[in-house]
>>> print(open('query.cif').read())   # mmCIF, C-alpha atoms
data_upload
#
loop_
_atom_site.group_PDB
_atom_site.id
_atom_site.type_symbol
_atom_site.label_atom_id
_atom_site.label_comp_id
_atom_site.auth_asym_id
_atom_site.auth_seq_id
_atom_site.Cartn_x
_atom_site.Cartn_y
_atom_site.Cartn_z
ATOM 1 C CA MET E 21 0.000 0.000 0.000
ATOM 2 C CA HIS E 22 1.198 3.515 -0.801
ATOM 3 C CA VAL E 23 0.519 6.965 0.559
ATOM 4 C CA THR E 24 -2.280 8.534 -1.516
ATOM 5 C CA SER E 25 -1.919 11.726 -3.512
ATOM 6 C CA LYS E 26 -4.471 13.336 -1.206
ATOM 7 C CA ASP E 27 -2.498 12.351 1.900
ATOM 8 C CA ALA E 28 0.772 13.495 0.322
ATOM 9 C CA ASP E 29 -0.757 16.903 -0.407
ATOM 10 C CA THR E 30 -2.175 17.085 3.129
ATOM 11 C CA ALA E 31 1.253 16.275 4.574
ATOM 12 C CA ILE E 32 2.927 18.943 2.438
ATOM 13 C CA ARG E 33 0.363 21.598 3.438
ATOM 14 C CA ALA E 34 0.739 20.777 7.150
ATOM 15 C CA ALA E 35 4.530 20.859 6.904
ATOM 16 C CA VAL E 36 4.494 24.217 5.080
ATOM 17 C CA LYS E 37 2.179 25.639 7.736
ATOM 18 C CA LYS E 38 4.601 24.559 10.488
ATOM 19 C CA ALA E 39 7.606 25.947 8.584
ATOM 20 C CA GLN E 40 5.831 29.277 8.212
ATOM 21 C CA ALA E 41 4.967 29.276 11.925
ATOM 22 C CA ILE E 42 8.646 28.931 12.848
ATOM 23 C CA ASP E 43 9.685 31.399 10.124
ATOM 24 C CA THR E 44 11.858 29.154 7.994
ATOM 25 C CA GLN E 45 11.932 28.034 4.369
ATOM 26 C CA MET E 46 11.958 24.327 3.649
ATOM 27 C CA CYS E 47 12.056 21.731 0.918
ATOM 28 C CA ILE E 48 9.508 19.009 1.666
ATOM 29 C CA ALA E 49 9.341 15.629 -0.063
ATOM 30 C CA VAL E 50 6.774 12.861 0.354
ATOM 31 C CA ILE E 51 7.552 9.464 -1.129
ATOM 32 C CA ASP E 52 5.527 6.272 -1.373
ATOM 33 C CA SER E 53 6.455 2.944 0.184
ATOM 34 C CA GLY E 54 8.468 2.054 -2.931
ATOM 35 C CA ALA E 55 10.646 5.166 -2.393
ATOM 36 C CA ASN E 56 9.152 6.966 -5.409
ATOM 37 C CA LEU E 57 8.528 10.689 -5.182
ATOM 38 C CA LYS E 58 4.817 11.339 -4.618
ATOM 39 C CA ALA E 59 4.827 15.081 -3.844
ATOM 40 C CA PHE E 60 7.401 17.820 -3.455
ATOM 41 C CA TYR E 61 7.292 21.474 -2.443
ATOM 42 C CA ARG E 62 10.093 24.002 -2.281
ATOM 43 C CA MET E 63 9.139 27.080 -0.340
ATOM 44 C CA ASP E 64 10.260 30.428 -1.737
ATOM 45 C CA GLY E 65 13.751 31.132 -0.466
ATOM 46 C CA ALA E 66 14.544 27.516 0.443
ATOM 47 C CA TRP E 67 18.059 26.404 -0.423
ATOM 48 C CA VAL E 68 18.530 24.565 -3.698
ATOM 49 C CA GLY E 69 20.852 22.109 -1.930
ATOM 50 C CA SER E 70 17.981 21.125 0.358
ATOM 51 C CA ILE E 71 16.030 19.609 -2.540
ATOM 52 C CA ASP E 72 18.256 16.519 -2.708
ATOM 53 C CA ILE E 73 18.576 16.299 1.070
ATOM 54 C CA ALA E 74 14.799 16.330 1.630
ATOM 55 C CA ILE E 75 14.262 13.569 -0.927
ATOM 56 C CA LYS E 76 17.109 11.472 0.491
ATOM 57 C CA LYS E 77 15.819 11.903 4.046
ATOM 58 C CA ALA E 78 12.427 10.572 2.948
ATOM 59 C CA LYS E 79 14.041 7.656 1.105
ATOM 60 C CA THR E 80 16.255 6.822 4.080
ATOM 61 C CA ALA E 81 13.217 6.767 6.393
ATOM 62 C CA VAL E 82 11.232 4.472 4.091
ATOM 63 C CA PHE E 83 14.167 2.161 3.294
ATOM 64 C CA PHE E 84 14.705 1.390 6.985
ATOM 65 C CA GLY E 85 11.304 2.157 8.508
ATOM 66 C CA MET E 86 12.644 4.534 11.117
ATOM 67 C CA PRO E 87 13.395 8.211 11.608
ATOM 68 C CA THR E 88 16.609 9.379 9.986
ATOM 69 C CA GLY E 89 17.888 10.714 13.308
ATOM 70 C CA GLN E 90 17.571 7.246 14.803
ATOM 71 C CA ILE E 91 19.598 5.786 11.947
ATOM 72 C CA GLY E 92 22.152 8.513 12.627
ATOM 73 C CA GLN E 93 22.533 7.300 16.198
ATOM 74 C CA LEU E 94 23.121 3.747 14.974
ATOM 75 C CA SER E 95 25.605 4.823 12.305
ATOM 76 C CA GLN E 96 28.118 6.558 14.544
ATOM 77 C CA PRO E 97 31.690 5.187 14.586
ATOM 78 C CA GLY E 98 31.595 1.861 16.393
ATOM 79 C CA GLY E 99 27.831 1.582 15.922
ATOM 80 C CA PRO E 100 26.104 -1.359 14.250
ATOM 81 C CA LEU E 101 25.260 0.659 11.118
ATOM 82 C CA PHE E 102 28.503 2.615 10.773
ATOM 83 C CA GLY E 103 28.998 3.608 7.131
ATOM 84 C CA ILE E 104 25.404 2.934 6.060
ATOM 85 C CA GLU E 105 25.091 6.450 4.608
ATOM 86 C CA HIS E 106 27.237 5.278 1.693
ATOM 87 C CA SER E 107 24.667 2.670 0.614
ATOM 88 C CA ASN E 108 21.600 3.099 -1.597
ATOM 89 C CA ASP E 109 23.120 5.928 -3.662
ATOM 90 C CA GLY E 110 23.577 7.969 -0.481
ATOM 91 C CA LEU E 111 21.480 8.195 2.655
ATOM 92 C CA ILE E 112 20.914 11.059 5.068
ATOM 93 C CA THR E 113 21.325 10.040 8.701
ATOM 94 C CA PHE E 114 20.415 13.182 10.606
ATOM 95 C CA PRO E 115 16.893 14.287 11.670
ATOM 96 C CA GLY E 116 14.230 15.443 9.260
ATOM 97 C CA GLY E 117 13.056 12.186 7.669
ATOM 98 C CA LEU E 118 10.130 10.213 9.107
ATOM 99 C CA PRO E 119 8.200 7.134 8.024
ATOM 100 C CA ILE E 120 4.477 7.520 7.388
ATOM 101 C CA VAL E 121 2.573 4.611 8.927
ATOM 102 C CA ASP E 122 -1.170 4.046 8.478
ATOM 103 C CA ALA E 123 -3.739 3.086 11.140
ATOM 104 C CA GLU E 124 -2.989 -0.634 10.634
ATOM 105 C CA GLY E 125 0.721 -0.138 11.321
ATOM 106 C CA VAL E 126 1.726 -0.455 7.650
ATOM 107 C CA LEU E 127 4.520 1.681 6.223
ATOM 108 C CA ILE E 128 2.904 3.640 3.362
ATOM 109 C CA GLY E 129 5.613 6.212 2.662
ATOM 110 C CA ALA E 130 7.829 8.826 4.257
ATOM 111 C CA ILE E 131 8.406 12.550 4.495
ATOM 112 C CA GLY E 132 11.740 14.324 4.276
ATOM 113 C CA VAL E 133 12.341 17.952 5.199
ATOM 114 C CA SER E 134 15.441 20.090 4.784
ATOM 115 C CA GLY E 135 16.262 23.758 5.030
ATOM 116 C CA SER E 136 16.903 24.705 8.640
ATOM 117 C CA SER E 137 18.371 23.238 11.808
ATOM 118 C CA VAL E 138 17.856 19.501 12.251
ATOM 119 C CA GLU E 139 15.521 20.285 15.165
ATOM 120 C CA ASN E 140 13.353 22.444 12.888
ATOM 121 C CA ASP E 141 13.554 19.916 10.065
ATOM 122 C CA HIS E 142 12.291 17.198 12.432
ATOM 123 C CA ALA E 143 9.493 19.412 13.808
ATOM 124 C CA VAL E 144 8.276 20.275 10.302
ATOM 125 C CA ALA E 145 8.431 16.618 9.211
ATOM 126 C CA LEU E 146 6.451 15.584 12.289
ATOM 127 C CA ALA E 147 3.830 18.240 11.544
ATOM 128 C CA GLY E 148 3.518 16.788 8.039
ATOM 129 C CA VAL E 149 3.015 13.236 9.279
ATOM 130 C CA LYS E 150 0.439 13.987 11.995
ATOM 131 C CA PRO E 151 -2.626 14.626 9.790
ATOM 132 C CA VAL E 152 -2.066 11.475 7.687
ATOM 133 C CA GLY E 153 -0.720 8.828 10.067
ATOM 134 C CA VAL E 154 2.007 8.217 12.599
ATOM 135 C CA SER E 155 5.772 7.882 12.329
ATOM 136 C CA ASP E 156 6.289 4.772 14.461
ATOM 137 C CA LEU E 157 6.425 1.238 13.150
ATOM 138 C CA PRO E 158 6.162 -1.892 15.276
ATOM 139 C CA ALA E 159 9.382 -2.870 17.091
ATOM 140 C CA HIS E 160 12.394 -3.773 14.976
ATOM 141 C CA PRO E 161 15.584 -5.449 16.278
ATOM 142 C CA TRP E 162 17.796 -2.501 15.191
ATOM 143 C CA ARG E 163 15.848 0.097 17.118
ATOM 144 C CA THR E 164 17.443 1.506 20.240
#
>>> encode(input="query.cif", output="structure tokens")
Amino acid sequence: MHVTSKDADTAIRAAVKKAQAIDTQMCIAVIDSGANLKAFYRMDGAWVGSIDIAIKKAKTAVFFGMPTGQIGQLSQPGGPLFGIEHSNDGLITFPGGLPIVDAEGVLIGAIGVSGSSVENDHAVALAGVKPVGVSDLPAHPWRT
């Protein structure tokens, strides 16, 4: 199952609203469960370099079914996923990417946000997920 176009648009609108509330410009990507781009929005003034980062954050979150910041914790030197950012044509392992999980606990896509501090990126991504699902999947052995 994939995130619908309607839900992708809803997520983008909610994320833009949050970004405006905290006075920042973001690139926001929503992908389906196959890691294909479903919707994208670049706010006026958002960095061009954030386009790729937002998309890769969303892909990272859907590839591994967990927030990108959590993968970042696991990929530190000496960690069990050290070096993982070099796989899959490049991953982003800092906050701002979240899975989108439906009411049945099924991963249906992900959102990736880039353009500000990682704390703001995460907050905007979370705002995008909330009206369409949740960002937590059932327990996985790699989760900390």
>>> closest_residue(input="query.cif", among="E:Ser155, E:Ser95, E:Thr44, E:Ser107", to="Ile128 of chain E", atoms="all atoms listed in the file")
E:Ser155
>>> residues_around(input="query.cif", residues="Ala130 of chain E", least_positions_apart="5", cutoff="8 Å", atoms="only C-alpha atoms", output="VMD selection string")
chain E and resid 50 to 53 78 to 79 81 to 82 117 to 120
>>> atom_distance(input="query.cif", atom1="atom CA of Lys38 of chain E", atom2="atom CA of Ala123 of chain E")
23.0 Å
>>> resolve_selection(input="query.cif", expression="the PyMOL selection byres ((chain E and resi 55-72) around 7)", output="list in words")
Ser25, Ala28, Asp29, Gln45, Met46, Cys47, Ile48, Ala49, Val50, Ile51, Asp52, Ser53, Gly54, Ile73, Ala74, Ile75, Lys76, Lys79, Val82, Ser134 and Gly135 of chain E
>>> resolve_selection(input="query.cif", expression="the PyMOL selection byres ((chain E and resi 125) around 12)", output="PDB file with C-alpha atoms, in the frame of the given file")
ATOM      1  CA  MET E  21       0.000   0.000   0.000  1.00  0.00           C
ATOM      2  CA  GLY E  85      11.304   2.157   8.508  1.00  0.00           C
ATOM      3  CA  PRO E 119       8.200   7.134   8.024  1.00  0.00           C
ATOM      4  CA  ILE E 120       4.477   7.520   7.388  1.00  0.00           C
ATOM      5  CA  VAL E 121       2.573   4.611   8.927  1.00  0.00           C
ATOM      6  CA  ASP E 122      -1.170   4.046   8.478  1.00  0.00           C
ATOM      7  CA  ALA E 123      -3.739   3.086  11.140  1.00  0.00           C
ATOM      8  CA  GLU E 124      -2.989  -0.634  10.634  1.00  0.00           C
ATOM      9  CA  VAL E 126       1.726  -0.455   7.650  1.00  0.00           C
ATOM     10  CA  LEU E 127       4.520   1.681   6.223  1.00  0.00           C
ATOM     11  CA  ILE E 128       2.904   3.640   3.362  1.00  0.00           C
ATOM     12  CA  GLY E 129       5.613   6.212   2.662  1.00  0.00           C
ATOM     13  CA  GLY E 153      -0.720   8.828  10.067  1.00  0.00           C
ATOM     14  CA  VAL E 154       2.007   8.217  12.599  1.00  0.00           C
ATOM     15  CA  SER E 155       5.772   7.882  12.329  1.00  0.00           C
ATOM     16  CA  ASP E 156       6.289   4.772  14.461  1.00  0.00           C
ATOM     17  CA  LEU E 157       6.425   1.238  13.150  1.00  0.00           C
ATOM     18  CA  PRO E 158       6.162  -1.892  15.276  1.00  0.00           C
ATOM     19  CA  ALA E 159       9.382  -2.870  17.091  1.00  0.00           C
TER      20      ALA E 159
END
>>> residues_around(input="query.cif", residues="Gly116 of chain E", least_positions_apart="2", cutoff="9 Å", atoms="only C-alpha atoms", output="list in words")
Ala74, Lys77, Ala78, Pro87, Thr88, Gly89, Thr113, Phe114, Leu118, Ile131, Gly132, Val133, Ser134, Val138, Glu139, Asn140, Asp141, His142, Ala143, Val144, Ala145 and Leu146 of chain E
>>> closest_residue(input="query.cif", among="E:Phe83, E:Ala39, E:Pro97, E:Gln90", to="Asp109 of chain E", atoms="only C-alpha atoms")
E:Phe83
>>> atom_distance(input="query.cif", atom1="atom CA of Lys26 of chain E", atom2="atom CA of Pro151 of chain E")
11.2 Å
>>> decode(input="query.cif", residues="segment 65-114 of chain E", atoms="N, CA and C atoms", output="compact mmCIF listing (two decimals), in the first residue's frame")
# COMPACT_ATOMS: atom_id res chain seq x y z
N GLY E 65 12.59 30.84 -1.29
CA GLY E 65 13.75 31.13 -0.47
C GLY E 65 14.46 29.92 0.10
N ALA E 66 13.89 28.73 -0.07
CA ALA E 66 14.54 27.52 0.44
C ALA E 66 15.79 27.22 -0.40
N TRP E 67 16.80 26.71 0.26
CA TRP E 67 18.06 26.40 -0.42
C TRP E 67 17.87 25.35 -1.50
N VAL E 68 18.55 25.55 -2.61
CA VAL E 68 18.53 24.57 -3.70
C VAL E 68 19.15 23.25 -3.23
N GLY E 69 20.20 23.32 -2.43
CA GLY E 69 20.85 22.11 -1.93
C GLY E 69 19.95 21.26 -1.05
N SER E 70 18.91 21.87 -0.50
CA SER E 70 17.98 21.13 0.36
C SER E 70 17.02 20.24 -0.43
N ILE E 71 16.92 20.44 -1.72
CA ILE E 71 16.03 19.61 -2.54
C ILE E 71 16.47 18.14 -2.43
N ASP E 72 17.72 17.88 -2.75
CA ASP E 72 18.26 16.52 -2.71
C ASP E 72 18.23 15.95 -1.29
N ILE E 73 18.55 16.78 -0.32
CA ILE E 73 18.58 16.30 1.07
C ILE E 73 17.19 15.88 1.53
N ALA E 74 16.16 16.68 1.23
CA ALA E 74 14.80 16.33 1.63
C ALA E 74 14.37 15.00 1.02
N ILE E 75 14.64 14.82 -0.26
CA ILE E 75 14.26 13.57 -0.93
C ILE E 75 15.02 12.40 -0.33
N LYS E 76 16.32 12.57 -0.08
CA LYS E 76 17.11 11.47 0.49
C LYS E 76 16.72 11.17 1.94
N LYS E 77 16.32 12.18 2.69
CA LYS E 77 15.82 11.90 4.05
C LYS E 77 14.57 11.04 3.98
N ALA E 78 13.64 11.37 3.08
CA ALA E 78 12.43 10.57 2.95
C ALA E 78 12.76 9.15 2.52
N LYS E 79 13.66 9.00 1.56
CA LYS E 79 14.04 7.66 1.11
C LYS E 79 14.71 6.86 2.23
N THR E 80 15.59 7.51 2.97
CA THR E 80 16.25 6.82 4.08
C THR E 80 15.22 6.31 5.08
N ALA E 81 14.24 7.16 5.42
CA ALA E 81 13.22 6.77 6.39
C ALA E 81 12.38 5.60 5.90
N VAL E 82 12.05 5.57 4.60
CA VAL E 82 11.23 4.47 4.09
C VAL E 82 12.07 3.21 3.90
N PHE E 83 13.32 3.35 3.49
CA PHE E 83 14.17 2.16 3.29
C PHE E 83 14.33 1.36 4.59
N PHE E 84 14.41 2.06 5.72
CA PHE E 84 14.70 1.39 6.99
C PHE E 84 13.58 1.48 8.00
N GLY E 85 12.48 2.13 7.64
CA GLY E 85 11.30 2.16 8.51
C GLY E 85 11.55 2.81 9.85
N MET E 86 12.39 3.82 9.86
CA MET E 86 12.64 4.53 11.12
C MET E 86 13.08 5.96 10.82
N PRO E 87 12.96 6.83 11.80
CA PRO E 87 13.40 8.21 11.61
C PRO E 87 14.88 8.29 11.26
N THR E 88 15.22 9.24 10.41
CA THR E 88 16.61 9.38 9.99
C THR E 88 17.53 9.68 11.16
N GLY E 89 17.06 10.43 12.13
CA GLY E 89 17.89 10.71 13.31
C GLY E 89 18.22 9.46 14.09
N GLN E 90 17.32 8.52 14.12
CA GLN E 90 17.57 7.25 14.80
C GLN E 90 18.63 6.44 14.05
N ILE E 91 18.57 6.46 12.74
CA ILE E 91 19.60 5.79 11.95
C ILE E 91 20.95 6.46 12.20
N GLY E 92 20.92 7.78 12.33
CA GLY E 92 22.15 8.51 12.63
C GLY E 92 22.80 8.06 13.92
N GLN E 93 21.99 7.79 14.92
CA GLN E 93 22.53 7.30 16.20
C GLN E 93 23.19 5.94 16.01
N LEU E 94 22.59 5.09 15.20
CA LEU E 94 23.12 3.75 14.97
C LEU E 94 24.33 3.72 14.05
N SER E 95 24.54 4.81 13.30
CA SER E 95 25.60 4.82 12.30
C SER E 95 26.85 5.58 12.75
N GLN E 96 26.92 5.90 14.02
CA GLN E 96 28.12 6.56 14.54
C GLN E 96 29.29 5.58 14.55
N PRO E 97 30.53 6.09 14.54
CA PRO E 97 31.69 5.19 14.59
C PRO E 97 31.55 4.18 15.74
N GLY E 98 31.74 2.94 15.42
CA GLY E 98 31.60 1.86 16.39
C GLY E 98 30.18 1.34 16.51
N GLY E 99 29.23 2.01 15.87
CA GLY E 99 27.83 1.58 15.92
C GLY E 99 27.55 0.46 14.94
N PRO E 100 26.41 -0.21 15.11
CA PRO E 100 26.10 -1.36 14.25
C PRO E 100 25.84 -1.00 12.79
N LEU E 101 25.53 0.25 12.50
CA LEU E 101 25.26 0.66 11.12
C LEU E 101 26.28 1.66 10.59
N PHE E 102 27.47 1.68 11.20
CA PHE E 102 28.50 2.61 10.77
C PHE E 102 28.78 2.48 9.28
N GLY E 103 28.74 3.59 8.57
CA GLY E 103 29.00 3.61 7.13
C GLY E 103 27.77 3.42 6.26
N ILE E 104 26.61 3.22 6.85
CA ILE E 104 25.40 2.93 6.06
C ILE E 104 25.03 4.08 5.12
N GLU E 105 25.45 5.31 5.45
CA GLU E 105 25.09 6.45 4.61
C GLU E 105 25.69 6.36 3.21
N HIS E 106 26.63 5.46 3.01
CA HIS E 106 27.24 5.28 1.69
C HIS E 106 26.47 4.28 0.82
N SER E 107 25.45 3.64 1.38
CA SER E 107 24.67 2.67 0.61
C SER E 107 23.50 3.36 -0.10
N ASN E 108 22.84 2.64 -0.95
CA ASN E 108 21.60 3.10 -1.60
C ASN E 108 21.74 4.44 -2.31
N ASP E 109 22.85 4.67 -2.96
CA ASP E 109 23.12 5.93 -3.66
C ASP E 109 23.13 7.13 -2.72
N GLY E 110 23.45 6.90 -1.46
CA GLY E 110 23.58 7.97 -0.48
C GLY E 110 22.35 8.12 0.39
N LEU E 111 22.55 8.02 1.68
CA LEU E 111 21.48 8.19 2.66
C LEU E 111 21.77 9.44 3.49
N ILE E 112 20.76 9.96 4.13
CA ILE E 112 20.91 11.06 5.07
C ILE E 112 20.57 10.52 6.45
N THR E 113 21.50 10.67 7.38
CA THR E 113 21.32 10.04 8.70
C THR E 113 21.25 11.06 9.83
N PHE E 114 20.70 12.23 9.54
CA PHE E 114 20.42 13.18 10.61
C PHE E 114 18.93 13.54 10.52
